[in-house]
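Novice: Below you will find the structure I want to go over with you.
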Amino acid sequence: MKLLSLIICIWIVAPVLGQNATCNRSVTGQVLDIDTNEPLPFATVKIQGTQNGAVSDENGLFKIIEICNDEIDLEVRFVGYKTVVHHHDFHHSNPVIYMASNETMLESVVVEEELNAHVLKTLESIDIKVESLESIGVNAGDLFSQSTGVSTLKTGQNIIKPIVHGLHSNRVLIINNGVRHSYQAWGTEHGVEIDASQIDRIELIKGASTVRYGADALGGVILFNAPQPSFLTKLNGELNGGFQTNGRSVSGELSINEGYERAAWNASISGTRQGDLKAADYQLTNTGKEEFGATVGGRFHFPILDVNVYLSHFEQTLGILRGSVSDNLEGLANAIGAKVPSNTKPFSYDINNPKQETVHDLLKLETSLFLGEQQFDFQYAFQRNLRSEFDVRRGTNNARPAIDLRLITHTIDLDWDHPSTGAWAGTMGIQFFNQNNDNLPGTNTIPFVPNYNTNNLGFFGIESYTSGNTTYEAGIRFDLMNLNVRGRDSDNDIYRDNLNYQNFTFTLGFVKELENLTLRSNIGTAWRAPNINELYSFGKHQSVFEFGLWRYQIYPENDSISTNIVLTDLTKAVKSEKGLKWITSFSYTKNGLGFEVTPYVNWIRDYFFLRPHGITETVRGAFPYFIHDQTDALYSGVDLDFTNQWSDSFTSELKASYVYAKDTKNNQLFVGIPPLNIMLTLEKKIGLFTMSLSPEFEARQTLTPDVIEPDAFAQDDFSFDRSGTFDFMDAPSSFLLMNASINYQKNDLSIKLKGENLLNNSYRRYTDNLRYFADDLGVNVGLFASYTF
């Protein structure tokens with residue numbers, strides 16, 4: 001054992017000890033224009049304090065050789081551009097230096113890939129740079145709504161979550177600043193709860209990504225990344241503000257950063273106040289919003305160790321359309337599809353019931369240890385999520401939340417990027433996930449979901465092999481999950497359950513790079529254990545009633561349903577959801593012309609879905625009620641993206657997405673599948689101005705289940721068949737929106753004027769939960785400004 005330990009120590013430490021033996025290091029990089037992404041030839045790059053340097057070639061590439069030190073400061077100069085100094089160490093590679101001209105407000109930046117940034121290369125992904133003026137006063141869900149293959153699930157205009165290839169909520173995993181985002185994701189009325197103003201980059205991964213990121217990633221993964229503190233920078237900052245006419249919204253954000261050679265920090269604070277929104281022809285009463293966010297981060301760099309600390313706080317108060325609540329069955333029948341929602345009142349900043357109040361806190365500690373050609377990453381994160389949902393209730397109960405939840409989450413991630421062996425490279429990891437969800441007392445209601453604890457332990461390994469211009473990739477993962485449940489039934493009796501799940505998942509793929517063409521294909525499995533609401537949800541949740549699989553029993557002989565029960569796996573078997581997704585993309589670029597075509601197919605076995613089953617009347621009003629069910633599902637579709645740079649100042653982009661989904665076991669269609677969507681963007685630069693015109697067309701969804709209107713329930717007409725899927729209203733008509741913007745940018749000042757739905761069209765989106773009661777937003781004009789110092 002002593003001999004074995006000695007050999008392992010020598011294998012790990014020897015590469016580190018031998019690094020400074022000779023001056024045989026080199027660094028290769030590229031210099032690009034930050035606005036046009038064009039290479040900057042003949043830029044001067046040298047190591048500060050020495051004469052050792054190089055000049056970039058016609059492609060902006062440079063290489064500096066005979067470097068002795070482990071760490072260096074690269075100084076890059078180009079006539080007419082801001083000088084940039086970048087601290088580089090040899091645990092990272094391939095710095096790409098984006099230089100900003102002296103006439104722009106942007107600072108030069110460096111994008112640096114880690115030595116083993118090879119994970120999941122074969123998955124189709126989109127990288128989105130979020131400008132400051134794009135994120136002021138908007139929801140995080142709006143930031144990726146213009147991406148192909150992505151639509152939004154809404155409850156009005158304030159509660160927004162992503163739909164990736166037709167899937168949403170617990171099937172789209174959200175990573176917030178490197179941490180698995182933990183919130184009450186199970187509700188379609190639950191937004192992302194991330195401060196959009198603190199995001200500077202989004203990465204969308206469209207493939208089944210369970211192997212790398214853990215369970216629930218059947219549809220894909222969205223990574224929200226916050227700005228990182230920059231080294232070697234004087235105290236600087238950015239002040240952003242905006243006003244929007246629809247809702248009379250006022251927003252502001254202040255961020256600051258300071259960096260030294262081995263330490264850096266940043267901080268930010270933001271806020272938004274918005275009143276009632278407006279459709280084309282009427283106010284949307286009680287749709288106001290209040291938000292506040294703050295962050296602080298720190299980075300520390302040592303010869304073989306990097307440390308990152310991040311803390312964020314975000315709180316929201318969101319109003320929900322008052323007209324979505326009806327006092328009785330007749331009122332509900334009149335409200336669904338009405339021309340004007342009930343209880344519509346003049347504009348106000350007041351937020352009354354129904355509403356949501358949420359708070360999310362995140363603390364993250366991350367370290368990276370570099371030992372030769374291998375890297376160890378350790379991350380611990382603590383999250384606290386508070387959610388209070390207020391309904392329209394009688395008497396003093398109106399001031400009490402109907403649902404009041406506290407979710408505490410701990411996550412631990414340990415990754416090892418092992419030394420490359422020839423053409424092979426890979427990573428292995430362990431992930432631990434612990435959640436504790438409690439109902440807080442004082443609601444005077446039966447808890448909608450029980451208290452529970454979740455523990456998940458996952459192990460994964462991913463290897464890639466590169467041969468010429470082709471990379472092959474394979475990965476495998478094993479997860480163990482335990483769910484401990486404690487709740488009370490409708491008679492206030494306590495019930496308990498202890499559930500265990502386990503599953504293997506894998507991924508296989510390749511990417512082939514040709515001169516102008518990239519072919520990428522990946523097939524992968526994913527899985528998801530039943531969520532707490534899919535098993536145990538009971539009662540009213542915002543504007544509907546909902547019952548989990550173990551909280552109801554249907555009796556076909558007399559078409560009746562019982563909800564005064566708590567079942568178990570012995571009385572009603574429930575399986576984990578398992579998916580197999582194959583996604584392929586073809587992308588081509590040449591002479592400013594580019595296109596990407598991405599077909600996919602996703603088979604999901606034991607698919608959980610929420611289907612309408614009727615309308616119920618209680619002392620709190622009349623509401624549609626839904627039940628959770630399981631079936632087998634097929635999702636398929638295609639994403640298209642065509643770009644053309646007609647000249648240095650004029651570009652166009654056409655995007656289209658189509659999704660087809662079906663219940664294959666019962667040969668039925670689902671409710672809420674996104675219809676065909678087409679977006680065109682035309683952009684023209686004239687001097688310091690950039691103008692864009694962006695029409696958007698959404699077709700009517702024709703692949704819909706049968707409709708049973710509320711009048712049928714009001715007239716006690718039960719001759720129809722409720723055993724299958726149906727909807728309460730026809731899918732809305734197709735629509736065309738016209739959006740435009742003008743940007744002005746000079747030195748440290750940037751101003752943007754944008755208009756949305758400039759034709760003030762009346763329309764409803766099929767994926768909006770409030771489409772039953774009201775139109776979507778009318779015209780909106782926003783003015784935004786940003787100043788750096």
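Labels for the structure tokens follow display order: chains A, B, ..., residues from 1 in each chain, ligands from 1.
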With a distance cut-off of 10 Å and only C-alpha atoms, select the neighbouring residues of Phe292 of chain A, excluding the residue or stretch itself and same-chain residues fewer than 2 positions from it, and output the selection as number ranges by chain.

Specialist: A: 195, 251-253, 269-273, 290, 294, 313-317, 359

Novice: Return as CSV the residues of segment 581-690 of chain A lying at most 12 Å from segment 33-50 of chain A, together with the closest atom-to-atom pair for each and the distance in Å to one decimal, counting only C-alpha atoms, with rows in chain order and ascending residue number.

Specialist:
```
residue,atom,partner,partner_atom,distance
A:Gly592,CA,A:Glu38,CA,11.3
A:Gln645,CA,A:Thr36,CA,10.8
A:Ser647,CA,A:Thr36,CA,11.5
A:Asp648,CA,A:Thr36,CA,8.4
A:Ser649,CA,A:Thr36,CA,9.6
A:Phe650,CA,A:Thr36,CA,11.5
A:Thr651,CA,A:Thr36,CA,11.3
A:Lys685,CA,A:Asp35,CA,11.2
A:Thr690,CA,A:Asp35,CA,11.6
```

Novice: Go ahead and compute the interatomic distance for atom CA of Pro341 of chain A and atom CA of Tyr766 of chain A, in Å to one decimal.

Specialist: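 Answer for the atom CA of Pro341 of chain A to atom CA of Tyr766 of chain A separation: 17.5 Å.
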
Novice: Name all residues at most 7 Å from Ser692 of chain A (count only C-alpha atoms; drop same-chain ones fewer than 3 positions away) and give them as a list in words.

Specialist: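 The neighbour list is Thr681, Leu682, Glu683, Lys684, Ala740, Ser741 and Ile742 of chain A.
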
Novice: Only all heavy atoms, please: the residues just picked out, written as a PDB file, in the first residue's frame.

Specialist:
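Written file, result-v5.pdb:
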```pdb
ATOM      1  N   THR A 681     -35.802  38.878 -37.956  1.00  0.00           N
ATOM      2  CA  THR A 681     -35.120  40.053 -37.410  1.00  0.00           C
ATOM      3  C   THR A 681     -34.273  40.683 -38.496  1.00  0.00           C
ATOM      4  O   THR A 681     -33.417  40.017 -39.097  1.00  0.00           O
ATOM      5  CB  THR A 681     -34.231  39.680 -36.214  1.00  0.00           C
ATOM      6  OG1 THR A 681     -35.031  39.097 -35.190  1.00  0.00           O
ATOM      7  CG2 THR A 681     -33.546  40.924 -35.655  1.00  0.00           C
ATOM      8  N   LEU A 682     -34.521  41.969 -38.750  1.00  0.00           N
ATOM      9  CA  LEU A 682     -33.729  42.767 -39.689  1.00  0.00           C
ATOM     10  C   LEU A 682     -32.996  43.827 -38.890  1.00  0.00           C
ATOM     11  O   LEU A 682     -33.612  44.569 -38.115  1.00  0.00           O
ATOM     12  CB  LEU A 682     -34.630  43.422 -40.735  1.00  0.00           C
ATOM     13  CG  LEU A 682     -35.540  42.482 -41.527  1.00  0.00           C
ATOM     14  CD1 LEU A 682     -36.484  43.287 -42.414  1.00  0.00           C
ATOM     15  CD2 LEU A 682     -34.716  41.518 -42.365  1.00  0.00           C
ATOM     16  N   GLU A 683     -31.661  43.895 -39.074  1.00  0.00           N
ATOM     17  CA  GLU A 683     -30.857  44.833 -38.285  1.00  0.00           C
ATOM     18  C   GLU A 683     -29.966  45.658 -39.194  1.00  0.00           C
ATOM     19  O   GLU A 683     -29.279  45.116 -40.065  1.00  0.00           O
ATOM     20  CB  GLU A 683     -30.006  44.075 -37.265  1.00  0.00           C
ATOM     21  CG  GLU A 683     -29.235  44.972 -36.320  1.00  0.00           C
ATOM     22  CD  GLU A 683     -28.505  44.192 -35.241  1.00  0.00           C
ATOM     23  OE1 GLU A 683     -29.167  43.817 -34.251  1.00  0.00           O
ATOM     24  OE2 GLU A 683     -27.296  43.933 -35.413  1.00  0.00           O
ATOM     25  N   LYS A 684     -29.992  46.965 -38.984  1.00  0.00           N
ATOM     26  CA  LYS A 684     -29.213  47.907 -39.794  1.00  0.00           C
ATOM     27  C   LYS A 684     -28.448  48.851 -38.885  1.00  0.00           C
ATOM     28  O   LYS A 684     -29.020  49.426 -37.956  1.00  0.00           O
ATOM     29  CB  LYS A 684     -30.166  48.702 -40.705  1.00  0.00           C
ATOM     30  CG  LYS A 684     -29.511  49.798 -41.513  1.00  0.00           C
ATOM     31  CD  LYS A 684     -28.612  49.243 -42.619  1.00  0.00           C
ATOM     32  CE  LYS A 684     -28.072  50.366 -43.517  1.00  0.00           C
ATOM     33  NZ  LYS A 684     -27.164  49.844 -44.569  1.00  0.00           N
ATOM     34  N   ALA A 740     -39.917  46.487 -32.726  1.00  0.00           N
ATOM     35  CA  ALA A 740     -38.825  47.270 -33.311  1.00  0.00           C
ATOM     36  C   ALA A 740     -38.010  47.912 -32.197  1.00  0.00           C
ATOM     37  O   ALA A 740     -38.480  48.061 -31.056  1.00  0.00           O
ATOM     38  CB  ALA A 740     -39.370  48.344 -34.257  1.00  0.00           C
ATOM     39  N   SER A 741     -36.781  48.293 -32.519  1.00  0.00           N
ATOM     40  CA  SER A 741     -35.926  48.967 -31.539  1.00  0.00           C
ATOM     41  C   SER A 741     -34.897  49.837 -32.245  1.00  0.00           C
ATOM     42  O   SER A 741     -34.543  49.592 -33.400  1.00  0.00           O
ATOM     43  CB  SER A 741     -35.217  47.952 -30.631  1.00  0.00           C
ATOM     44  OG  SER A 741     -34.273  47.203 -31.364  1.00  0.00           O
ATOM     45  N   ILE A 742     -34.417  50.865 -31.522  1.00  0.00           N
ATOM     46  CA  ILE A 742     -33.333  51.736 -31.976  1.00  0.00           C
ATOM     47  C   ILE A 742     -32.346  51.861 -30.832  1.00  0.00           C
ATOM     48  O   ILE A 742     -32.726  52.219 -29.711  1.00  0.00           O
ATOM     49  CB  ILE A 742     -33.841  53.129 -32.384  1.00  0.00           C
ATOM     50  CG1 ILE A 742     -34.878  53.024 -33.514  1.00  0.00           C
ATOM     51  CG2 ILE A 742     -32.676  54.012 -32.820  1.00  0.00           C
ATOM     52  CD1 ILE A 742     -35.490  54.367 -33.888  1.00  0.00           C
TER      53      ILE A 742
END
```

Novice: In segment 63-236 of chain A, what's alpha helix (DSSP H) per DSSP? Answer as a PyMOL selection string?

Specialist: chain A and resi 132-135+210-213

Novice: Rounded to one decimal place, report the atom CA of Thr210 of chain A-atom CA of Glu366 of chain A distance in Å.

Specialist: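 Atom CA of Thr210 of chain A sits 21.8 Å away from atom CA of Glu366 of chain A.
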
Novice: Just the number, please: distance in Å from atom CA of Glu557 of chain A to atom CA of Thr618 of chain A, one decimal.

Specialist: 25.6 Å

Novice: Any chance you could list, as a ChimeraX atom specification, the residues in segment 134-284 of chain A that come up strand (DSSP E) when DSSP is run on the backbone?

Specialist: /A:150-155,159-164,167-168,172-176,179-180,201-205,220-225,233-244,249-259,263-274,277-278,283-284
